[in-house]
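Containing mmCIF, N, CA and C atoms: target_6.cif.
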```cif
data_input
loop_
_atom_site.group_PDB
_atom_site.id
_atom_site.type_symbol
_atom_site.label_atom_id
_atom_site.label_comp_id
_atom_site.auth_asym_id
_atom_site.auth_seq_id
_atom_site.Cartn_x
_atom_site.Cartn_y
_atom_site.Cartn_z
ATOM 1 N N MET A 1 -6.498 14.622 -13.959
ATOM 2 C CA MET A 1 -7.239 14.646 -12.708
ATOM 3 C C MET A 1 -6.418 14.060 -11.564
ATOM 4 N N MET A 2 -5.752 12.935 -11.804
ATOM 5 C CA MET A 2 -4.993 12.300 -10.731
ATOM 6 C C MET A 2 -3.823 13.168 -10.301
ATOM 7 N N SER A 3 -3.122 13.794 -11.239
ATOM 8 C CA SER A 3 -1.998 14.642 -10.857
ATOM 9 C C SER A 3 -2.469 15.859 -10.068
ATOM 10 N N GLU A 4 -3.668 16.360 -10.354
ATOM 11 C CA GLU A 4 -4.225 17.452 -9.569
ATOM 12 C C GLU A 4 -4.464 17.012 -8.138
ATOM 13 N N PHE A 5 -4.945 15.770 -7.976
ATOM 14 C CA PHE A 5 -5.165 15.249 -6.632
ATOM 15 C C PHE A 5 -3.858 15.112 -5.880
ATOM 16 N N ILE A 6 -2.863 14.541 -6.513
ATOM 17 C CA ILE A 6 -1.586 14.295 -5.846
ATOM 18 C C ILE A 6 -0.965 15.600 -5.381
ATOM 19 N N ASP A 7 -1.095 16.660 -6.174
ATOM 20 C CA ASP A 7 -0.534 17.949 -5.795
ATOM 21 C C ASP A 7 -1.288 18.588 -4.641
ATOM 22 N N ASN A 8 -2.571 18.248 -4.465
ATOM 23 C CA ASN A 8 -3.373 18.790 -3.373
ATOM 24 C C ASN A 8 -3.268 17.844 -2.175
ATOM 25 N N LYS A 9 -2.451 18.208 -1.208
ATOM 26 C CA LYS A 9 -2.162 17.332 -0.068
ATOM 27 C C LYS A 9 -3.320 17.230 0.928
ATOM 28 N N ASN A 10 -4.295 18.132 0.860
ATOM 29 C CA ASN A 10 -5.342 18.191 1.873
ATOM 30 C C ASN A 10 -6.672 17.584 1.441
ATOM 31 N N ILE A 11 -6.725 16.952 0.285
ATOM 32 C CA ILE A 11 -7.992 16.418 -0.208
ATOM 33 C C ILE A 11 -8.362 15.132 0.539
ATOM 34 N N LYS A 12 -9.655 14.937 0.750
ATOM 35 C CA LYS A 12 -10.156 13.722 1.412
ATOM 36 C C LYS A 12 -10.087 12.551 0.434
ATOM 37 N N ILE A 13 -9.552 11.433 0.883
ATOM 38 C CA ILE A 13 -9.401 10.261 0.018
ATOM 39 C C ILE A 13 -10.645 9.391 0.109
ATOM 40 N N ASN A 14 -11.270 9.148 -1.058
ATOM 41 C CA ASN A 14 -12.428 8.253 -1.119
ATOM 42 C C ASN A 14 -11.991 6.960 -1.824
ATOM 43 N N ALA A 15 -12.914 6.035 -1.992
ATOM 44 C CA ALA A 15 -12.580 4.727 -2.565
ATOM 45 C C ALA A 15 -12.070 4.841 -3.994
ATOM 46 N N ASP A 16 -12.631 5.757 -4.774
ATOM 47 C CA ASP A 16 -12.203 5.915 -6.166
ATOM 48 C C ASP A 16 -10.760 6.400 -6.249
ATOM 49 N N ILE A 17 -10.432 7.402 -5.474
ATOM 50 C CA ILE A 17 -9.068 7.940 -5.467
ATOM 51 C C ILE A 17 -8.105 6.917 -4.873
ATOM 52 N N ALA A 18 -8.513 6.250 -3.800
ATOM 53 C CA ALA A 18 -7.650 5.258 -3.154
ATOM 54 C C ALA A 18 -7.289 4.127 -4.112
ATOM 55 N N SER A 19 -8.247 3.715 -4.944
ATOM 56 C CA SER A 19 -7.964 2.630 -5.886
ATOM 57 C C SER A 19 -7.010 3.064 -6.995
ATOM 58 N N LYS A 20 -6.866 4.354 -7.208
ATOM 59 C CA LYS A 20 -5.888 4.851 -8.171
ATOM 60 C C LYS A 20 -4.512 5.019 -7.537
ATOM 61 N N ILE A 21 -4.474 5.168 -6.221
ATOM 62 C CA ILE A 21 -3.191 5.287 -5.512
ATOM 63 C C ILE A 21 -2.574 3.906 -5.304
ATOM 64 N N ILE A 22 -3.352 2.952 -4.781
ATOM 65 C CA ILE A 22 -2.869 1.584 -4.573
ATOM 66 C C ILE A 22 -3.184 0.814 -5.856
ATOM 67 N N ILE A 23 -2.174 0.543 -6.661
ATOM 68 C CA ILE A 23 -2.403 -0.052 -7.979
ATOM 69 C C ILE A 23 -2.562 -1.564 -7.902
ATOM 70 N N GLN A 24 -1.583 -2.257 -7.300
ATOM 71 C CA GLN A 24 -1.660 -3.716 -7.206
ATOM 72 C C GLN A 24 -0.644 -4.222 -6.199
ATOM 73 N N PRO A 25 -0.883 -5.415 -5.648
ATOM 74 C CA PRO A 25 0.126 -6.025 -4.766
ATOM 75 C C PRO A 25 1.365 -6.378 -5.569
ATOM 76 N N TYR A 26 2.511 -6.314 -4.926
ATOM 77 C CA TYR A 26 3.780 -6.695 -5.547
ATOM 78 C C TYR A 26 4.250 -7.965 -4.862
ATOM 79 N N VAL A 27 4.272 -9.060 -5.607
ATOM 80 C CA VAL A 27 4.539 -10.364 -5.006
ATOM 81 C C VAL A 27 5.774 -11.007 -5.632
ATOM 82 N N THR A 28 6.733 -11.339 -4.779
ATOM 83 C CA THR A 28 7.912 -12.116 -5.173
ATOM 84 C C THR A 28 8.210 -13.083 -4.026
ATOM 85 N N GLU A 29 9.210 -13.903 -4.207
ATOM 86 C CA GLU A 29 9.604 -14.816 -3.130
ATOM 87 C C GLU A 29 10.046 -14.026 -1.892
ATOM 88 N N LYS A 30 10.743 -12.915 -2.114
ATOM 89 C CA LYS A 30 11.191 -12.079 -1.000
ATOM 90 C C LYS A 30 10.003 -11.479 -0.242
ATOM 91 N N THR A 31 8.961 -11.062 -0.974
ATOM 92 C CA THR A 31 7.812 -10.465 -0.294
ATOM 93 C C THR A 31 7.064 -11.500 0.551
ATOM 94 N N PHE A 32 7.079 -12.773 0.138
ATOM 95 C CA PHE A 32 6.483 -13.811 0.981
ATOM 96 C C PHE A 32 7.221 -13.914 2.312
ATOM 97 N N ASN A 33 8.538 -13.783 2.274
ATOM 98 C CA ASN A 33 9.324 -13.848 3.509
ATOM 99 C C ASN A 33 9.020 -12.679 4.438
ATOM 100 N N ILE A 34 8.878 -11.475 3.881
ATOM 101 C CA ILE A 34 8.618 -10.336 4.767
ATOM 102 C C ILE A 34 7.193 -10.337 5.302
ATOM 103 N N ILE A 35 6.263 -10.998 4.603
ATOM 104 C CA ILE A 35 4.910 -11.143 5.151
ATOM 105 C C ILE A 35 4.979 -11.931 6.454
ATOM 106 N N GLU A 36 5.677 -13.037 6.435
ATOM 107 C CA GLU A 36 5.751 -13.914 7.601
ATOM 108 C C GLU A 36 6.659 -13.376 8.703
ATOM 109 N N LYS A 37 7.834 -12.894 8.339
ATOM 110 C CA LYS A 37 8.836 -12.532 9.338
ATOM 111 C C LYS A 37 8.699 -11.115 9.887
ATOM 112 N N GLU A 38 8.267 -10.166 9.034
ATOM 113 C CA GLU A 38 8.287 -8.761 9.442
ATOM 114 C C GLU A 38 6.916 -8.087 9.456
ATOM 115 N N ASN A 39 5.849 -8.846 9.134
ATOM 116 C CA ASN A 39 4.494 -8.294 9.104
ATOM 117 C C ASN A 39 4.390 -7.124 8.120
ATOM 118 N N LYS A 40 4.988 -7.296 6.930
ATOM 119 C CA LYS A 40 4.988 -6.260 5.905
ATOM 120 C C LYS A 40 4.437 -6.821 4.608
ATOM 121 N N LEU A 41 3.862 -5.918 3.788
ATOM 122 C CA LEU A 41 3.302 -6.286 2.496
ATOM 123 C C LEU A 41 3.684 -5.201 1.494
ATOM 124 N N SER A 42 3.944 -5.594 0.240
ATOM 125 C CA SER A 42 4.386 -4.660 -0.793
ATOM 126 C C SER A 42 3.294 -4.415 -1.823
ATOM 127 N N PHE A 43 3.206 -3.167 -2.265
ATOM 128 C CA PHE A 43 2.255 -2.779 -3.307
ATOM 129 C C PHE A 43 2.938 -1.845 -4.294
ATOM 130 N N ILE A 44 2.498 -1.903 -5.550
ATOM 131 C CA ILE A 44 2.853 -0.876 -6.529
ATOM 132 C C ILE A 44 1.839 0.250 -6.331
ATOM 133 N N VAL A 45 2.333 1.482 -6.221
ATOM 134 C CA VAL A 45 1.467 2.633 -5.958
ATOM 135 C C VAL A 45 1.682 3.701 -7.026
ATOM 136 N N HIS A 46 0.793 4.683 -7.056
ATOM 137 C CA HIS A 46 0.898 5.786 -8.012
ATOM 138 C C HIS A 46 2.232 6.503 -7.802
ATOM 139 N N SER A 47 2.860 6.886 -8.899
ATOM 140 C CA SER A 47 4.211 7.454 -8.838
ATOM 141 C C SER A 47 4.303 8.763 -8.062
ATOM 142 N N LYS A 48 3.208 9.498 -7.938
ATOM 143 C CA LYS A 48 3.250 10.779 -7.226
ATOM 144 C C LYS A 48 2.602 10.726 -5.848
ATOM 145 N N ALA A 49 2.184 9.558 -5.407
ATOM 146 C CA ALA A 49 1.535 9.441 -4.093
ATOM 147 C C ALA A 49 2.566 9.585 -2.978
ATOM 148 N N ASN A 50 2.171 10.270 -1.902
ATOM 149 C CA ASN A 50 3.071 10.365 -0.751
ATOM 150 C C ASN A 50 2.669 9.335 0.305
ATOM 151 N N LYS A 51 3.477 9.209 1.352
ATOM 152 C CA LYS A 51 3.251 8.172 2.358
ATOM 153 C C LYS A 51 1.926 8.342 3.081
ATOM 154 N N LYS A 52 1.551 9.567 3.396
ATOM 155 C CA LYS A 52 0.279 9.804 4.086
ATOM 156 C C LYS A 52 -0.894 9.355 3.216
ATOM 157 N N GLN A 53 -0.847 9.649 1.921
ATOM 158 C CA GLN A 53 -1.911 9.246 1.010
ATOM 159 C C GLN A 53 -1.977 7.727 0.877
ATOM 160 N N ILE A 54 -0.827 7.071 0.891
ATOM 161 C CA ILE A 54 -0.787 5.610 0.798
ATOM 162 C C ILE A 54 -1.423 4.983 2.038
ATOM 163 N N ILE A 55 -1.096 5.494 3.219
ATOM 164 C CA ILE A 55 -1.669 4.976 4.472
ATOM 165 C C ILE A 55 -3.187 5.167 4.473
ATOM 166 N N GLU A 56 -3.656 6.350 4.088
ATOM 167 C CA GLU A 56 -5.098 6.614 4.044
ATOM 168 C C GLU A 56 -5.797 5.704 3.036
ATOM 169 N N SER A 57 -5.165 5.465 1.901
ATOM 170 C CA SER A 57 -5.751 4.590 0.879
ATOM 171 C C SER A 57 -5.879 3.162 1.382
ATOM 172 N N MET A 58 -4.911 2.693 2.144
ATOM 173 C CA MET A 58 -4.988 1.344 2.711
ATOM 174 C C MET A 58 -6.156 1.236 3.685
ATOM 175 N N LYS A 59 -6.399 2.292 4.460
ATOM 176 C CA LYS A 59 -7.536 2.294 5.385
ATOM 177 C C LYS A 59 -8.855 2.235 4.622
ATOM 178 N N VAL A 60 -8.942 3.003 3.535
ATOM 179 C CA VAL A 60 -10.182 3.076 2.766
ATOM 180 C C VAL A 60 -10.454 1.765 2.032
ATOM 181 N N ILE A 61 -9.470 1.249 1.323
ATOM 182 C CA ILE A 61 -9.684 0.063 0.485
ATOM 183 C C ILE A 61 -9.742 -1.219 1.303
ATOM 184 N N TYR A 62 -8.742 -1.427 2.153
ATOM 185 C CA TYR A 62 -8.587 -2.719 2.840
ATOM 186 C C TYR A 62 -8.929 -2.687 4.325
ATOM 187 N N GLU A 63 -9.288 -1.507 4.847
ATOM 188 C CA GLU A 63 -9.605 -1.340 6.266
ATOM 189 C C GLU A 63 -8.476 -1.880 7.142
ATOM 190 N N SER A 64 -7.244 -1.574 6.740
ATOM 191 C CA SER A 64 -6.048 -2.034 7.445
ATOM 192 C C SER A 64 -5.297 -0.839 8.012
ATOM 193 N N ASP A 65 -4.819 -0.986 9.232
ATOM 194 C CA ASP A 65 -4.024 0.068 9.859
ATOM 195 C C ASP A 65 -2.542 -0.200 9.599
ATOM 196 N N VAL A 66 -1.901 0.760 8.971
ATOM 197 C CA VAL A 66 -0.490 0.661 8.624
ATOM 198 C C VAL A 66 0.293 1.550 9.576
ATOM 199 N N SER A 67 1.380 1.014 10.147
ATOM 200 C CA SER A 67 2.168 1.794 11.092
ATOM 201 C C SER A 67 3.314 2.543 10.425
ATOM 202 N N GLU A 68 3.863 1.994 9.337
ATOM 203 C CA GLU A 68 4.932 2.696 8.621
ATOM 204 C C GLU A 68 4.953 2.291 7.159
ATOM 205 N N VAL A 69 5.476 3.195 6.334
ATOM 206 C CA VAL A 69 5.563 2.966 4.892
ATOM 207 C C VAL A 69 6.944 3.381 4.411
ATOM 208 N N ASN A 70 7.568 2.505 3.641
ATOM 209 C CA ASN A 70 8.808 2.845 2.940
ATOM 210 C C ASN A 70 8.506 2.799 1.451
ATOM 211 N N THR A 71 8.906 3.831 0.715
ATOM 212 C CA THR A 71 8.645 3.870 -0.721
ATOM 213 C C THR A 71 9.953 4.027 -1.482
ATOM 214 N N PHE A 72 9.971 3.480 -2.690
ATOM 215 C CA PHE A 72 11.094 3.666 -3.591
ATOM 216 C C PHE A 72 10.659 3.320 -5.004
ATOM 217 N N ASN A 73 11.394 3.848 -5.968
ATOM 218 C CA ASN A 73 11.067 3.634 -7.374
ATOM 219 C C ASN A 73 11.789 2.409 -7.908
ATOM 220 N N THR A 74 11.059 1.621 -8.698
ATOM 221 C CA THR A 74 11.623 0.433 -9.335
ATOM 222 C C THR A 74 11.311 0.494 -10.825
ATOM 223 N N ILE A 75 11.757 -0.507 -11.543
ATOM 224 C CA ILE A 75 11.465 -0.589 -12.968
ATOM 225 C C ILE A 75 9.962 -0.699 -13.193
ATOM 226 N N ARG A 76 9.257 -1.375 -12.302
ATOM 227 C CA ARG A 76 7.810 -1.567 -12.434
ATOM 228 C C ARG A 76 6.991 -0.399 -11.909
ATOM 229 N N GLY A 77 7.629 0.605 -11.364
ATOM 230 C CA GLY A 77 6.919 1.758 -10.825
ATOM 231 C C GLY A 77 7.301 1.998 -9.371
ATOM 232 N N LYS A 78 6.566 2.856 -8.720
ATOM 233 C CA LYS A 78 6.834 3.168 -7.317
ATOM 234 C C LYS A 78 6.308 2.037 -6.450
ATOM 235 N N LYS A 79 7.149 1.554 -5.554
ATOM 236 C CA LYS A 79 6.779 0.443 -4.681
ATOM 237 C C LYS A 79 6.716 0.947 -3.244
ATOM 238 N N ALA A 80 5.700 0.477 -2.524
ATOM 239 C CA ALA A 80 5.543 0.825 -1.114
ATOM 240 C C ALA A 80 5.545 -0.458 -0.296
ATOM 241 N N ILE A 81 6.413 -0.509 0.711
ATOM 242 C CA ILE A 81 6.420 -1.631 1.648
ATOM 243 C C ILE A 81 5.811 -1.117 2.937
ATOM 244 N N MET A 82 4.713 -1.768 3.359
ATOM 245 C CA MET A 82 3.951 -1.295 4.505
ATOM 246 C C MET A 82 4.011 -2.271 5.663
ATOM 247 N N LYS A 83 4.276 -1.735 6.852
ATOM 248 C CA LYS A 83 4.248 -2.541 8.072
ATOM 249 C C LYS A 83 2.908 -2.286 8.754
ATOM 250 N N PHE A 84 2.269 -3.361 9.201
ATOM 251 C CA PHE A 84 0.932 -3.274 9.777
ATOM 252 C C PHE A 84 0.981 -3.176 11.293
ATOM 253 N N LYS A 85 0.012 -2.455 11.871
ATOM 254 C CA LYS A 85 -0.088 -2.327 13.325
ATOM 255 C C LYS A 85 -0.493 -3.642 13.965
ATOM 256 N N ASN A 86 -1.478 -4.312 13.384
ATOM 257 C CA ASN A 86 -1.938 -5.612 13.871
ATOM 258 C C ASN A 86 -0.839 -6.642 13.622
ATOM 259 N N THR A 87 -0.560 -7.521 14.585
ATOM 260 C CA THR A 87 0.554 -8.466 14.457
ATOM 261 C C THR A 87 0.393 -9.438 13.299
ATOM 262 N N ASP A 88 -0.823 -9.764 12.886
ATOM 263 C CA ASP A 88 -1.040 -10.642 11.741
ATOM 264 C C ASP A 88 -1.666 -9.887 10.569
ATOM 265 N N GLY A 89 -1.533 -8.586 10.553
ATOM 266 C CA GLY A 89 -2.169 -7.760 9.528
ATOM 267 C C GLY A 89 -1.738 -8.108 8.117
ATOM 268 N N ALA A 90 -0.430 -8.267 7.895
ATOM 269 C CA ALA A 90 0.066 -8.573 6.546
ATOM 270 C C ALA A 90 -0.400 -9.948 6.101
ATOM 271 N N ARG A 91 -0.312 -10.922 6.981
ATOM 272 C CA ARG A 91 -0.729 -12.283 6.630
ATOM 273 C C ARG A 91 -2.222 -12.341 6.341
ATOM 274 N N ASN A 92 -3.044 -11.682 7.165
ATOM 275 C CA ASN A 92 -4.497 -11.681 6.958
ATOM 276 C C ASN A 92 -4.870 -11.012 5.641
ATOM 277 N N LEU A 93 -4.247 -9.862 5.339
ATOM 278 C CA LEU A 93 -4.561 -9.179 4.096
ATOM 279 C C LEU A 93 -4.082 -9.989 2.894
ATOM 280 N N ALA A 94 -2.904 -10.569 2.979
ATOM 281 C CA ALA A 94 -2.395 -11.408 1.887
ATOM 282 C C ALA A 94 -3.320 -12.610 1.642
ATOM 283 N N THR A 95 -3.837 -13.185 2.703
ATOM 284 C CA THR A 95 -4.773 -14.304 2.572
ATOM 285 C C THR A 95 -6.073 -13.834 1.916
ATOM 286 N N ASN A 96 -6.590 -12.694 2.337
ATOM 287 C CA ASN A 96 -7.824 -12.154 1.752
ATOM 288 C C ASN A 96 -7.660 -11.816 0.278
ATOM 289 N N LEU A 97 -6.450 -11.387 -0.109
ATOM 290 C CA LEU A 97 -6.181 -11.056 -1.504
ATOM 291 C C LEU A 97 -5.853 -12.272 -2.349
ATOM 292 N N GLY A 98 -5.696 -13.430 -1.699
ATOM 293 C CA GLY A 98 -5.379 -14.658 -2.417
ATOM 294 C C GLY A 98 -3.917 -14.787 -2.779
ATOM 295 N N LEU A 99 -3.053 -14.089 -2.040
ATOM 296 C CA LEU A 99 -1.615 -14.132 -2.333
ATOM 297 C C LEU A 99 -0.926 -15.320 -1.691
ATOM 298 N N VAL A 100 -1.460 -15.790 -0.564
ATOM 299 C CA VAL A 100 -0.871 -16.958 0.130
ATOM 300 C C VAL A 100 -1.939 -18.020 0.336
#
```

Write out the structure in this file as structure tokens.
Amino acid sequence: MMSEFIDNKNIKINADIASKIIIQPYVTEKTFNIIEKENKLSFIVHSKANKKQIIESMKVIYESDVSEVNTFNTIRGKKAIMKFKNTDGARNLATNLGLV
């Protein structure tokens, strides 16, 4: 079912699908630095999700506006680093998630 969704670029993203795209926050010492200095936050995402789907999922799940997304594959899966439109967006979301 999920691979069918990923292949269909025009499907509307709801909370159930969004929670399958955004898997979990990715937290390291480096990610703490980019939260504070660059207003960015890292997440592990579904391996076939594209940037548009990741941005929409962030809006649905966390009600956060993301201005840009960089993705790349790691040993732990596909990682997305997101920059927030709001100047304290990354810090506020990290605080709400209990990361800082």

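Pairwise distance (atom CA of A:Lys78, atom C of A:Leu99) equals 20.8 Å.
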
Find the residues near A:Ala18: any atom within 9 Å, counting only C-alpha atoms, skip ones fewer than 2 places away on the same chain, and give them as a ChimeraX atom specification.
/A:13-16,20-23,53-54,56-58,60-61

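Of the listed residues (A:Val66, A:Ala90, A:Ile55, A:Ile17), A:Ala90 comes nearest to A:Lys40; the distances count only C-alpha atoms.
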
Report the residues of chain A whose backbone DSSP state falls under strand (DSSP E), written as a VMD selection string.
chain A and resid 22 to 25 40 to 45 66 to 74 77 to 84

Hey, can I get the axis-aligned box for stretch 59-71 of chain A? All listed atoms, 6 Å padding on each side, centre and edge lengths in Å to one decimal, as lines of an AutoDock Vina configuration file.
```
center_x = -0.3
center_y = 0.7
center_z = 4.8
size_x = 32.4
size_y = 18.7
size_z = 24.6
```

Report as a ChimeraX atom specification the full result of the PyMOL selection byres ((chain A and resi 38) around 8) when it is applied to this structure.
/A:32-37,39-41,82-84,87,90

Using all atoms listed in the file for the distances, tell me which of A:Arg76, A:Thr28, A:Thr71, A:Ile81 is nearest to A:Phe43.
A:Ile81

Taking into account only N, CA and C atoms, which residue in the set A:Val69, A:Ile11, A:Ala94, A:Ile44 is nearest to A:Tyr26?
A:Ile44

Point-to-point distance from atom N of A:Asn86 to atom C of A:Asn73, Å rounded to tenths
26.0 Å

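Taking atom C of A:His46 as the reference point, atom C of A:Lys59 is found at 17.2 Å.
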
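With only C-alpha atoms as the basis for measurement, A:Ser42 is the residue among A:Ser64, A:Ser42, A:Asn96, A:Asn50 that approaches A:Glu29 most closely.
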